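Shown next: run.cif, containing mmCIF, C-alpha atoms.
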```cif
data_entry
#
loop_
_atom_site.label_atom_id
_atom_site.label_comp_id
_atom_site.auth_asym_id
_atom_site.auth_seq_id
_atom_site.Cartn_x
_atom_site.Cartn_y
_atom_site.Cartn_z
CA ASP A 1 116.77 140.18 82.94
CA GLY A 2 116.83 142.34 86.08
CA LEU A 3 114.00 144.44 87.47
CA GLN A 4 114.47 148.18 86.88
CA GLU A 5 113.01 149.48 90.11
CA ASN A 6 111.49 152.80 91.11
CA VAL A 7 110.26 153.69 87.64
CA GLY A 8 107.35 155.44 89.36
CA GLY A 9 104.04 156.59 88.02
CA LYS A 10 100.48 155.50 88.53
CA THR A 11 97.99 153.89 86.19
CA ASP A 12 94.31 153.03 86.48
CA THR A 13 95.34 149.55 87.64
CA GLY A 14 97.96 150.45 90.25
CA THR A 15 101.48 151.76 90.81
CA ILE A 16 104.39 151.07 88.48
CA ILE A 17 107.12 149.51 90.64
CA GLY A 18 109.58 148.60 87.91
CA GLN A 19 110.21 147.23 84.45
CA LEU A 20 111.29 143.86 83.12
CA GLY A 21 112.70 144.51 79.69
CA SER A 22 110.18 146.80 78.03
CA TYR A 23 107.26 145.64 80.18
CA ASN A 24 105.94 147.54 83.18
CA VAL A 25 105.48 145.76 86.50
CA ILE A 26 102.43 147.22 88.24
CA ASP A 27 101.55 146.64 91.89
CA THR A 28 97.76 146.47 92.01
CA THR A 29 97.43 146.90 95.80
CA SER A 30 96.93 150.67 95.64
CA ARG A 31 94.03 150.19 93.18
CA TYR A 32 92.34 146.98 94.27
CA GLY A 33 93.61 146.41 97.80
CA LYS A 34 95.26 143.36 99.31
CA LEU A 35 94.16 139.90 98.21
CA LYS A 36 92.08 138.09 100.82
CA ASN A 37 93.50 134.61 100.35
CA ILE A 38 97.24 134.97 100.89
CA LYS A 39 99.50 133.91 103.72
CA ARG A 40 102.82 135.20 105.00
CA ARG A 41 105.57 133.22 103.29
CA ARG A 42 107.63 130.95 105.54
CA SER A 43 109.70 129.04 102.97
CA ALA A 44 111.59 130.27 99.93
CA PRO A 45 109.68 129.58 96.69
CA LYS A 46 111.00 126.69 94.60
CA ILE A 47 108.36 126.28 91.87
CA ILE A 48 106.49 128.57 89.47
CA VAL A 49 102.96 127.46 88.58
CA ILE A 50 101.51 128.77 85.29
CA HIS A 51 97.73 129.40 85.11
CA THR A 52 95.21 131.11 82.89
CA GLY A 53 93.52 134.12 84.46
CA THR A 54 90.73 136.45 83.36
CA PRO A 55 90.79 139.33 80.85
CA SER A 56 91.79 142.00 83.39
CA PRO A 57 93.41 142.29 86.83
CA GLY A 58 90.27 143.75 88.39
CA VAL A 59 88.17 140.76 87.27
CA THR A 60 90.92 138.33 88.32
CA ILE A 61 91.17 139.79 91.82
CA GLY A 62 87.39 139.71 92.22
CA THR A 63 87.36 136.08 91.10
CA PHE A 64 90.16 135.21 93.53
CA ASN A 65 88.46 136.84 96.49
CA SER A 66 85.13 135.14 95.81
CA ALA A 67 86.59 131.72 95.00
CA GLY A 68 89.06 131.56 97.89
CA THR A 69 92.09 131.42 95.59
CA SER A 70 94.95 133.76 94.72
CA SER A 71 98.09 134.21 92.62
CA ASN A 72 101.17 136.41 92.71
CA TYR A 73 101.13 137.75 89.14
CA GLU A 74 99.14 138.14 85.97
CA VAL A 75 100.57 138.91 82.53
CA ALA A 76 98.31 140.92 80.21
CA LYS A 77 97.98 140.61 76.44
CA ASN A 78 100.32 143.58 75.92
CA GLY A 79 102.96 142.04 78.20
CA THR A 80 102.25 144.25 81.22
CA ILE A 81 102.96 142.37 84.45
CA PHE A 82 100.55 142.86 87.35
CA GLN A 83 101.80 141.98 90.82
CA PHE A 84 98.96 140.99 93.16
CA ALA A 85 101.17 139.77 96.03
CA SER A 86 104.93 139.97 96.50
CA PRO A 87 106.39 136.46 96.10
CA ALA A 88 109.07 137.30 98.67
CA GLN A 89 106.40 138.01 101.29
CA PHE A 90 103.32 135.95 100.47
CA ASP A 91 102.20 132.43 99.60
CA THR A 92 99.17 132.23 97.35
CA ILE A 93 96.48 129.60 96.96
CA ASN A 94 97.26 128.94 93.33
CA SER A 95 97.61 125.22 92.72
CA GLY A 96 95.07 123.12 94.65
CA ASN A 97 98.02 121.43 96.38
CA THR A 98 98.83 122.89 99.81
CA PRO A 99 102.54 121.91 99.94
CA ILE A 100 103.04 123.36 96.45
CA ASN A 101 101.14 126.53 97.42
CA ARG A 102 103.63 127.07 100.23
CA LEU A 103 106.60 126.57 97.91
CA SER A 104 105.41 128.23 94.73
CA ILE A 105 104.82 131.47 92.88
CA GLY A 106 101.57 131.68 90.91
CA VAL A 107 101.64 133.35 87.49
CA ASP A 108 98.35 133.85 85.62
CA ILE A 109 98.19 134.40 81.88
CA ALA A 110 95.32 136.77 81.04
CA LYS A 111 92.64 135.40 78.75
CA ALA A 112 91.30 137.14 75.68
CA SER A 113 87.83 136.85 77.26
CA LYS A 114 86.16 134.88 80.03
CA ALA A 115 85.39 132.08 77.59
CA GLN A 116 88.50 132.18 75.42
CA ALA A 117 92.06 131.71 76.60
CA GLY A 118 94.09 132.11 73.40
CA PRO A 119 95.45 133.18 71.08
CA TYR A 120 98.41 134.47 73.08
CA THR A 121 100.31 137.49 71.80
CA SER A 122 104.06 137.67 71.29
CA ASP A 123 104.20 140.45 73.92
CA GLN A 124 102.37 138.27 76.43
CA ILE A 125 104.75 135.37 75.86
CA ALA A 126 107.79 137.69 76.03
CA GLY A 127 106.49 139.40 79.18
CA THR A 128 105.87 136.05 80.85
CA ARG A 129 109.34 134.82 79.93
CA ALA A 130 110.90 138.04 81.27
CA LEU A 131 109.00 137.59 84.54
CA VAL A 132 109.83 133.90 84.89
CA THR A 133 113.51 134.53 84.12
CA TYR A 134 113.62 137.25 86.76
CA LEU A 135 111.90 135.05 89.35
CA CYS A 136 114.16 132.08 88.65
CA LYS A 137 117.28 134.21 89.10
CA THR A 138 115.95 136.03 92.16
CA PHE A 139 114.84 132.92 94.04
CA ASN A 140 117.33 130.43 92.58
CA ILE A 141 114.59 128.39 90.90
CA PRO A 142 115.65 126.10 88.03
CA GLN A 143 114.43 127.57 84.75
CA VAL A 144 113.35 124.08 83.70
CA VAL A 145 109.83 123.42 82.41
CA ALA A 146 108.01 120.20 83.29
CA ARG A 147 106.64 118.20 80.42
CA ASP A 148 102.87 118.18 79.94
CA ILE A 149 102.28 115.20 82.24
CA PRO A 150 99.42 114.89 84.78
CA PHE A 151 101.74 114.10 87.67
CA TYR A 152 98.85 114.15 90.14
CA LYS A 153 97.47 110.96 88.55
CA PHE A 154 100.67 109.08 89.33
CA ILE A 155 101.52 110.61 92.72
CA LYS A 156 98.47 110.94 94.96
CA ASN A 157 100.27 112.38 97.99
CA ASP A 158 100.51 116.18 97.72
CA LYS A 159 103.76 116.46 99.66
CA ALA A 160 105.37 113.63 97.66
CA LEU A 161 104.38 115.36 94.41
CA ALA A 162 105.97 118.64 95.50
CA LYS A 163 109.13 116.81 96.57
CA MET A 164 109.35 114.87 93.30
CA LEU A 165 109.22 118.08 91.23
CA ILE A 166 111.87 119.80 93.33
CA ASP A 167 114.16 116.76 93.56
CA ASN A 168 114.10 116.41 89.77
CA GLY A 169 115.12 120.02 89.16
CA ILE A 170 111.76 121.17 87.81
CA GLY A 171 111.05 124.84 88.44
CA ILE A 172 108.15 125.67 86.10
CA VAL A 173 104.98 123.60 85.85
CA ARG A 174 101.52 123.79 84.32
CA HIS A 175 98.57 123.96 86.70
CA ARG A 176 97.04 120.88 85.06
CA SER A 177 100.09 118.82 86.00
CA ILE A 178 99.18 119.31 89.66
CA VAL A 179 95.37 119.00 89.69
CA ASN A 180 92.56 118.01 87.31
CA THR A 181 92.11 121.13 85.16
CA GLU A 182 92.76 122.32 81.60
CA CYS A 183 94.66 125.37 82.88
CA PRO A 184 96.75 126.99 81.37
CA GLY A 185 95.23 125.91 78.08
CA SER A 186 97.46 126.11 75.02
CA PHE A 187 99.88 128.69 76.40
CA PRO A 188 103.37 127.79 75.04
CA ILE A 189 104.97 127.20 78.44
CA ASP A 190 107.87 125.34 76.79
CA GLN A 191 109.15 128.76 75.64
CA LEU A 192 109.75 129.82 79.25
CA GLY A 193 112.84 127.69 79.81
CA GLU A 194 114.60 124.43 79.14
CA VAL A 195 112.26 121.45 78.89
CA SER A 196 112.82 118.81 81.56
CA GLY A 197 114.11 115.38 80.58
CA LEU A 198 111.64 113.76 82.96
CA ASP A 199 109.23 111.88 80.69
CA LEU A 200 106.70 109.16 81.48
CA ILE A 201 109.27 106.37 81.21
CA LYS A 202 111.60 108.03 83.70
CA LEU A 203 108.66 108.96 85.94
CA ARG A 204 107.60 105.32 86.16
CA THR A 205 111.17 104.39 87.09
CA ILE A 206 111.13 106.99 89.86
CA LEU A 207 107.77 105.73 91.08
CA SER A 208 109.07 102.17 91.29
CA PHE A 209 111.75 103.39 93.72
CA MET A 210 109.30 105.57 95.63
CA LYS A 211 107.01 102.63 96.36
CA SER A 212 108.00 100.85 99.57
CA PRO A 213 105.06 98.72 100.71
CA GLU A 214 105.21 97.47 104.28
CA PRO A 215 105.66 93.71 104.89
CA LYS A 216 102.29 92.01 104.98
CA GLU A 217 102.84 90.63 108.50
CA LEU A 218 103.40 94.09 109.97
CA PRO A 219 100.45 96.27 111.01
CA LYS A 220 100.10 99.95 110.12
CA ASP A 221 101.73 100.98 113.37
CA ALA A 222 104.95 99.22 112.42
CA PHE A 223 107.13 102.16 113.41
CA GLY A 224 107.94 101.06 116.95
CA THR A 225 104.61 100.34 118.62
CA SER A 226 103.39 97.00 117.26
CA GLU A 227 103.50 93.79 119.27
CA LYS A 228 105.45 92.07 116.51
CA LEU A 229 108.24 94.62 116.76
CA LYS A 230 108.28 94.26 120.52
CA GLU A 231 108.66 90.51 120.09
CA LYS A 232 111.68 91.07 117.86
CA LYS A 233 113.32 93.06 120.61
CA LYS A 234 113.08 90.13 123.11
CA ARG A 235 116.29 88.21 123.77
CA ASP A 236 116.59 84.64 122.56
CA PRO A 237 116.18 82.05 125.37
CA LYS A 238 119.32 80.37 126.73
CA LYS A 239 117.95 76.88 126.08
CA GLY A 240 116.19 75.60 123.02
CA THR A 241 112.45 75.03 123.23
CA GLY A 242 112.05 72.63 120.34
CA LYS A 243 110.62 75.31 118.11
CA LYS A 244 111.69 78.67 116.75
CA PRO A 245 110.69 81.59 119.00
CA LYS A 246 108.70 84.36 117.32
CA GLY A 247 110.91 87.10 115.92
CA SER A 248 114.11 85.07 116.19
CA SER A 249 116.51 84.92 113.26
CA ARG A 250 118.25 81.79 114.59
CA ARG A 251 117.41 78.82 112.42
CA LEU A 252 118.85 76.22 114.82
CA TYR A 253 115.88 76.52 117.14
CA THR A 254 113.76 74.49 114.76
CA ASP A 255 116.14 71.50 115.20
CA GLU A 256 116.79 71.71 118.93
CA ASN A 257 115.33 69.36 121.53
CA PRO A 258 116.07 70.27 125.17
CA LYS A 259 116.28 66.55 126.11
CA ASP A 260 119.25 65.77 123.90
CA THR A 261 121.18 68.99 124.29
CA VAL A 262 124.79 68.32 125.41
CA ARG A 263 127.85 70.38 126.16
CA VAL A 264 130.52 70.46 123.47
CA LYS A 265 134.27 70.98 123.78
CA PHE A 266 136.96 71.23 121.08
CA SER A 267 140.05 72.13 123.10
CA THR A 268 141.79 68.75 122.67
CA VAL A 269 141.60 65.71 120.42
CA GLN A 270 139.89 63.80 123.25
CA ASP A 271 137.36 66.62 123.70
CA ILE A 272 136.49 66.39 120.04
CA ARG A 273 136.07 62.59 120.27
CA ASP A 274 133.89 62.91 123.36
CA THR A 275 131.75 65.51 121.67
#
```

Go ahead and express the file in the form of structure tokens.
Amino acid sequence: DGLQENVGGKTDTGTIIGQLGSYNVIDTTSRYGKLKNIKRRRSAPKIIVIHTGTPSPGVTIGTFNSAGTSSNYEVAKNGTIFQFASPAQFDTINSGNTPINRLSIGVDIAKASKAQAGPYTSDQIAGTRALVTYLCKTFNIPQVVARDIPFYKFIKNDKALAKMLIDNGIGIVRHRSIVNTECPGSFPIDQLGEVSGLDLIKLRTILSFMKSPEPKELPKDAFGTSEKLKEKKKRDPKKGTGKKPKGSSRRLYTDENPKDTVRVKFSTVQDIRDT
């Protein structure tokens, strides 16, 4: 499960930096250079996003650089793992959701050809599982796979979607669960970890708690700046006005008439009778 580092050696696609199981991990920087569309990581990764890539790392990197996207890894048909950008150092533009980009590691699964994603080989599945297991242990990411649900259709806010996945212990997710895409095709992502118990029924329950519509009488600026909130902060008047002041919670104001207001005393029996 651990990365055997410093294996050494160069290939036509880069430098071998280690092995995961029987699969080489190759840093492609020495061969293809640094990806254009990556940013220095500021937050520890919490999610792994699974994609489909292209048939080879060279084509994938060229596609990334021209499309304005990026990913941290690609797993080839023979199980070889290509590292495009260190997940400890760089965010990648891999999901179409900015908050998830900043909190995720992108893993591409190489296609058989530009037009055909599958079939996926046993080595490719094993290499991907070895990589995901290593990443989950290294970055303390739950090795729990989200069900094949288009979460983006239910949660429109990007930040809320990222938070929902993390709060529910989901660490591995399909690209198509985040944005409108078919990616990663038929890749058997369920073999990468334990499948999450979060199904559509439970998701709808979560959404019912997440929804907190503002009261109709309050404007959009109801967080301390509206006139209605200012009215609520006003003190109640000392004398009744015959009607309930705006913002008051005292019901008695609706019954009071200043003309028949009298003092009351209950100290003695006579006080009670007078009252």

For this session: List the residues selected by the PyMOL selection byres ((chain A and resi 10-22) around 12) in the file shown, writing them as number ranges by chain.
Result: A: 1-9, 23-34, 56-59, 61, 75-76, 78-84, 86, 123-124, 126-135

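Our summary of the geometry notes that atom CA of Arg176 of chain A is positioned 16.6 Å from atom CA of Leu192 of chain A.
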
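In terms of minimum interatomic distance to Ile189 of chain A, A:Gly171 ranks closest within A:Pro55, A:Gly62, A:Pro45, A:Gly171, counting all atoms listed in the file.
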
Problem set entry | Contacts of Arg174 of chain A at 10 Å (only C-alpha atoms; same-chain gap of 3+ positions) as number ranges by chain | A: 48-52, 95, 145-150, 177-179, 181-185, 187, 189-190

For this session: Name every residue that the PyMOL selection byres ((chain A and resi 98) around 12) selects in this structure, writing the answer as a ChimeraX atom specification with chains first and numbers rising.
Result: /A:39,69,91-97,99-104,157-162,178-179

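Considering all atoms listed in the file, the residue among A:Phe139, A:Phe90, A:Tyr73, A:Phe266 positioned nearest to Arg40 of chain A is A:Phe90.
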
Problem set entry | Residue contacts of Lys265 of chain A (12 Å, only C-alpha atoms) excluding same-chain residues fewer than 5 positions away, as JSON, numbers by chain | {"A": [270, 271, 272, 273, 274, 275]}

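Each of A:Ser208, A:Ile201, A:Thr138, A:Ile109 was checked against Ile125 of chain A using all atoms listed in the file; the smallest atom-to-atom distance is that of A:Ile109.
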
Problem set entry | Given the PyMOL selection byres ((chain A and resi 206) around 12), the residues it picks as an NGL selection string | :A and (151 or 154-155 or 160-161 or 164-165 or 167-168 or 198-205 or 207-212)

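For the pair atom CA of Leu35 of chain A and atom CA of Lys77 of chain A, the interatomic distance is 22.1 Å.
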
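Going from atom CA of Ala85 of chain A to atom CA of Ser186 of chain A covers 25.3 Å.
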